[in-house]
Amino acid sequence: MDTDIRDTKKTKTGPDSDSMGQPEAVLEDRYTDPISLVDAYACMIKEKKQTAKIVKELTCDLPLTNLLHLKRVRNHKTKDKAMQLQVIVCPKSGTDSKSEMDVLDSIASKFPALGKPVLVKVPQNPPLTRSQYQDAIRYWPVSFHEDKRVTLLLSGHFFSSREVRTIHAHMKTVLHLAKVASEKGQVAIGAIVVDPSTDTVLASAHDLRQGHNPLKHAVMVAVDLVAHGQGGGMWDIQDSDMKYNSTADTVIQPSQNGSTKAGPYLCTGYDLYVNSEPCIMCAMSLVHSRIGRVFYNSPHPEGALGTRYKLHVQPGLNHHYQVFRGALPTQCPNLGQHR
């Protein structure tokens, strides 16, 4: 699996991915928020033959600078069910200022083919999803440029059946690690880092914060174990349940001038699986380690990847990763809920 758009063809063997449960993509709020509306002035076009001329002159004199996603003209059904053309004249300002009234008066004198201006509700922003588009056109026709990848992420069919089975298998490994942590008196959170190109588990970890170092959350430990596998790492973790695969031979390569040259940085392109939604410290460590995707099972009230924050989509960060939640929604919902 990679971080690009997925092949959505269902395999013919085994249960369909819909019945297995698709992880839910955690996207920016702008993709799921309801559309917002603003007021604008519109006029009936009394002489339809004048429509093209009216639109051309209005576009020149009163361009819809902040509403370019709107179609200028729409068909509108009147109360007596007759169809008429309406054209947007201009957005309504915050107050009925004199200048706004002057504009409307000038429109009335310049375009005798237009009726009296009336206030209408129009979508304030361009729709980003088909659902938003369907809501928007209930108020006024808009342009819509569909992002196929976002549509697929929202459809519940992003992963193939084979991919869903792989995700489930890795999450079951994480849940086992969480159970081991609980039996040791630690917070019941497990985590693994996987190279999706080979489906290789590079690090297996569980929470270790109940001891001398409160920073040893499962995610932090997993990232540190990846670093150990690359010849680095900060913590000397002596635990038979903590494992990592050594990748130092392939990560550190000699350059032409004799010095060492690092290959892919730390977790670049890798997937992290964890049973509980990461906190803000862990979420930020995943930014710095350049993780590719995060799969978690259960939300947390203080979670930073969808519940309280959505750190992974903040525009100021120099790296962003994909997040999916609910990989095994019916299994062990309470593991890792106590921090």
# chains A, B, ... in the order shown; residues from 1 in each chain; ligands from 1
call {"tool": "select_by_dssp", "arguments": {"residues": "range 79-136 of chain A", "states": "strand (DSSP E)", "output": "number ranges by chain"}}
result
A: 83-91, 118-123
call {"tool": "write_last_selection", "arguments": {"atoms": "all heavy atoms", "output": "compact mmCIF listing (two decimals), in the first residue's frame"}}
result
# COMPACT_ATOMS: atom_id res chain seq x y z
N MET A 83 -41.45 30.17 -14.93
CA MET A 83 -39.99 30.19 -14.90
C MET A 83 -39.50 31.56 -15.34
O MET A 83 -40.00 32.14 -16.31
CB MET A 83 -39.42 29.12 -15.83
CG MET A 83 -39.75 27.70 -15.40
SD MET A 83 -39.16 27.30 -13.73
CE MET A 83 -37.39 27.40 -13.98
N GLN A 84 -38.53 32.10 -14.62
CA GLN A 84 -37.93 33.39 -14.99
C GLN A 84 -36.43 33.29 -14.80
O GLN A 84 -35.92 32.43 -14.07
CB GLN A 84 -38.49 34.52 -14.11
CG GLN A 84 -38.10 34.39 -12.64
CD GLN A 84 -38.57 35.56 -11.79
OE1 GLN A 84 -39.61 36.14 -12.08
NE2 GLN A 84 -37.81 35.89 -10.77
N LEU A 85 -35.72 34.16 -15.46
CA LEU A 85 -34.28 34.24 -15.29
C LEU A 85 -33.96 35.29 -14.24
O LEU A 85 -34.53 36.38 -14.23
CB LEU A 85 -33.60 34.63 -16.61
CG LEU A 85 -33.56 33.59 -17.72
CD1 LEU A 85 -32.85 34.15 -18.95
CD2 LEU A 85 -32.86 32.32 -17.24
N GLN A 86 -33.04 34.93 -13.34
CA GLN A 86 -32.54 35.86 -12.35
C GLN A 86 -31.03 36.00 -12.52
O GLN A 86 -30.34 35.03 -12.83
CB GLN A 86 -32.83 35.36 -10.93
CG GLN A 86 -34.18 35.74 -10.38
CD GLN A 86 -34.30 35.39 -8.91
OE1 GLN A 86 -33.77 34.38 -8.45
NE2 GLN A 86 -35.02 36.21 -8.16
N VAL A 87 -30.54 37.20 -12.28
CA VAL A 87 -29.11 37.45 -12.38
C VAL A 87 -28.62 38.08 -11.07
O VAL A 87 -29.31 38.92 -10.49
CB VAL A 87 -28.77 38.38 -13.57
CG1 VAL A 87 -29.46 39.74 -13.44
CG2 VAL A 87 -27.27 38.55 -13.73
N ILE A 88 -27.48 37.64 -10.61
CA ILE A 88 -26.90 38.26 -9.42
C ILE A 88 -26.31 39.60 -9.80
O ILE A 88 -25.52 39.71 -10.75
CB ILE A 88 -25.82 37.36 -8.80
CG1 ILE A 88 -26.45 36.10 -8.21
CG2 ILE A 88 -25.06 38.10 -7.70
CD1 ILE A 88 -25.46 35.17 -7.55
N VAL A 89 -26.69 40.64 -9.06
CA VAL A 89 -26.16 41.98 -9.30
C VAL A 89 -24.89 42.20 -8.50
O VAL A 89 -23.84 42.54 -9.03
CB VAL A 89 -27.22 43.05 -8.95
CG1 VAL A 89 -26.63 44.45 -9.06
CG2 VAL A 89 -28.44 42.89 -9.85
N CYS A 90 -24.98 41.99 -7.18
CA CYS A 90 -23.82 42.19 -6.32
C CYS A 90 -24.08 41.56 -4.96
O CYS A 90 -25.24 41.37 -4.58
CB CYS A 90 -23.50 43.68 -6.16
SG CYS A 90 -24.81 44.64 -5.37
N PRO A 91 -23.04 41.25 -4.21
CA PRO A 91 -23.25 40.77 -2.83
C PRO A 91 -23.78 41.89 -1.96
O PRO A 91 -23.54 43.09 -2.23
CB PRO A 91 -21.84 40.36 -2.39
CG PRO A 91 -21.02 40.29 -3.63
CD PRO A 91 -21.62 41.26 -4.59
N VAL A 118 -33.85 41.97 -5.35
CA VAL A 118 -34.34 41.25 -4.18
C VAL A 118 -33.16 40.53 -3.53
O VAL A 118 -32.17 40.19 -4.19
CB VAL A 118 -35.44 40.24 -4.54
CG1 VAL A 118 -36.67 40.94 -5.06
CG2 VAL A 118 -34.92 39.22 -5.56
N LEU A 119 -33.26 40.28 -2.23
CA LEU A 119 -32.19 39.56 -1.53
C LEU A 119 -32.39 38.05 -1.70
O LEU A 119 -33.50 37.53 -1.55
CB LEU A 119 -32.19 39.92 -0.05
CG LEU A 119 -31.50 41.22 0.34
CD1 LEU A 119 -31.70 41.50 1.83
CD2 LEU A 119 -30.01 41.18 0.01
N VAL A 120 -31.30 37.38 -2.00
CA VAL A 120 -31.31 35.92 -2.11
C VAL A 120 -30.12 35.36 -1.32
O VAL A 120 -29.13 36.05 -1.09
CB VAL A 120 -31.21 35.45 -3.58
CG1 VAL A 120 -32.44 35.86 -4.36
CG2 VAL A 120 -29.93 35.97 -4.25
N LYS A 121 -30.26 34.13 -0.89
CA LYS A 121 -29.17 33.44 -0.21
C LYS A 121 -28.33 32.69 -1.25
O LYS A 121 -28.88 31.98 -2.11
CB LYS A 121 -29.71 32.43 0.81
CG LYS A 121 -30.49 33.06 1.95
CD LYS A 121 -29.57 33.76 2.94
CE LYS A 121 -30.34 34.27 4.15
NZ LYS A 121 -29.45 35.00 5.10
N VAL A 122 -27.02 32.84 -1.16
CA VAL A 122 -26.13 32.15 -2.09
C VAL A 122 -24.99 31.50 -1.30
O VAL A 122 -24.61 31.98 -0.22
CB VAL A 122 -25.54 33.12 -3.15
CG1 VAL A 122 -26.65 33.71 -4.00
CG2 VAL A 122 -24.71 34.22 -2.50
N PRO A 123 -24.41 30.41 -1.81
CA PRO A 123 -23.29 29.77 -1.12
C PRO A 123 -22.07 30.69 -1.06
O PRO A 123 -21.69 31.29 -2.06
CB PRO A 123 -23.00 28.53 -1.99
CG PRO A 123 -24.26 28.29 -2.74
CD PRO A 123 -24.85 29.64 -2.99
call {"tool": "residues_around", "arguments": {"residues": "His170 in chain A", "least_positions_apart": "6", "cutoff": "9 Å", "atoms": "only C-alpha atoms", "output": "number ranges by chain"}}
result
A: 192, 194, 201, 273
call {"tool": "write_last_selection", "arguments": {"atoms": "all heavy atoms", "output": "mmCIF file, in the first residue's frame"}}
result
data_model
loop_
_atom_site.group_PDB
_atom_site.id
_atom_site.type_symbol
_atom_site.label_atom_id
_atom_site.label_comp_id
_atom_site.auth_asym_id
_atom_site.auth_seq_id
_atom_site.Cartn_x
_atom_site.Cartn_y
_atom_site.Cartn_z
ATOM 1 N N ILE A 192 2.598 -0.271 16.228
ATOM 2 C CA ILE A 192 3.591 -0.845 15.329
ATOM 3 C C ILE A 192 3.817 0.109 14.162
ATOM 4 O O ILE A 192 2.931 0.905 13.812
ATOM 5 C CB ILE A 192 3.169 -2.229 14.779
ATOM 6 C CG1 ILE A 192 1.879 -2.138 13.964
ATOM 7 C CG2 ILE A 192 3.031 -3.241 15.907
ATOM 8 C CD1 ILE A 192 1.508 -3.439 13.256
ATOM 9 N N VAL A 194 4.924 0.013 10.123
ATOM 10 C CA VAL A 194 4.944 -0.940 9.013
ATOM 11 C C VAL A 194 5.426 -0.248 7.746
ATOM 12 O O VAL A 194 5.038 0.893 7.453
ATOM 13 C CB VAL A 194 3.532 -1.523 8.774
ATOM 14 C CG1 VAL A 194 3.521 -2.471 7.585
ATOM 15 C CG2 VAL A 194 3.027 -2.225 10.028
ATOM 16 N N VAL A 201 6.727 -5.367 9.311
ATOM 17 C CA VAL A 201 6.658 -4.659 10.591
ATOM 18 C C VAL A 201 8.073 -4.273 11.000
ATOM 19 O O VAL A 201 8.915 -5.131 11.248
ATOM 20 C CB VAL A 201 5.999 -5.536 11.673
ATOM 21 C CG1 VAL A 201 5.992 -4.798 13.010
ATOM 22 C CG2 VAL A 201 4.570 -5.908 11.272
ATOM 23 N N TYR A 273 0.317 2.010 13.192
ATOM 24 C CA TYR A 273 -0.932 1.467 13.716
ATOM 25 C C TYR A 273 -0.898 1.599 15.229
ATOM 26 O O TYR A 273 0.085 1.224 15.869
ATOM 27 C CB TYR A 273 -1.088 -0.005 13.343
ATOM 28 C CG TYR A 273 -1.306 -0.255 11.870
ATOM 29 C CD1 TYR A 273 -0.234 -0.288 10.989
ATOM 30 C CD2 TYR A 273 -2.584 -0.465 11.358
ATOM 31 C CE1 TYR A 273 -0.420 -0.530 9.633
ATOM 32 C CE2 TYR A 273 -2.785 -0.705 10.002
ATOM 33 C CZ TYR A 273 -1.696 -0.731 9.152
ATOM 34 O OH TYR A 273 -1.893 -0.958 7.814
#
call {"tool": "atom_distance", "arguments": {"atom1": "CA of Pro278 in chain A", "atom2": "CA of His168 in chain A"}}
result
18.5 Å
call {"tool": "select_by_dssp", "arguments": {"residues": "range 41-218 of chain A", "states": "alpha helix (DSSP H)", "output": "PyMOL selection string"}}
result
chain A and resi 51-61+98-110+130-136+148-155+161-183+218
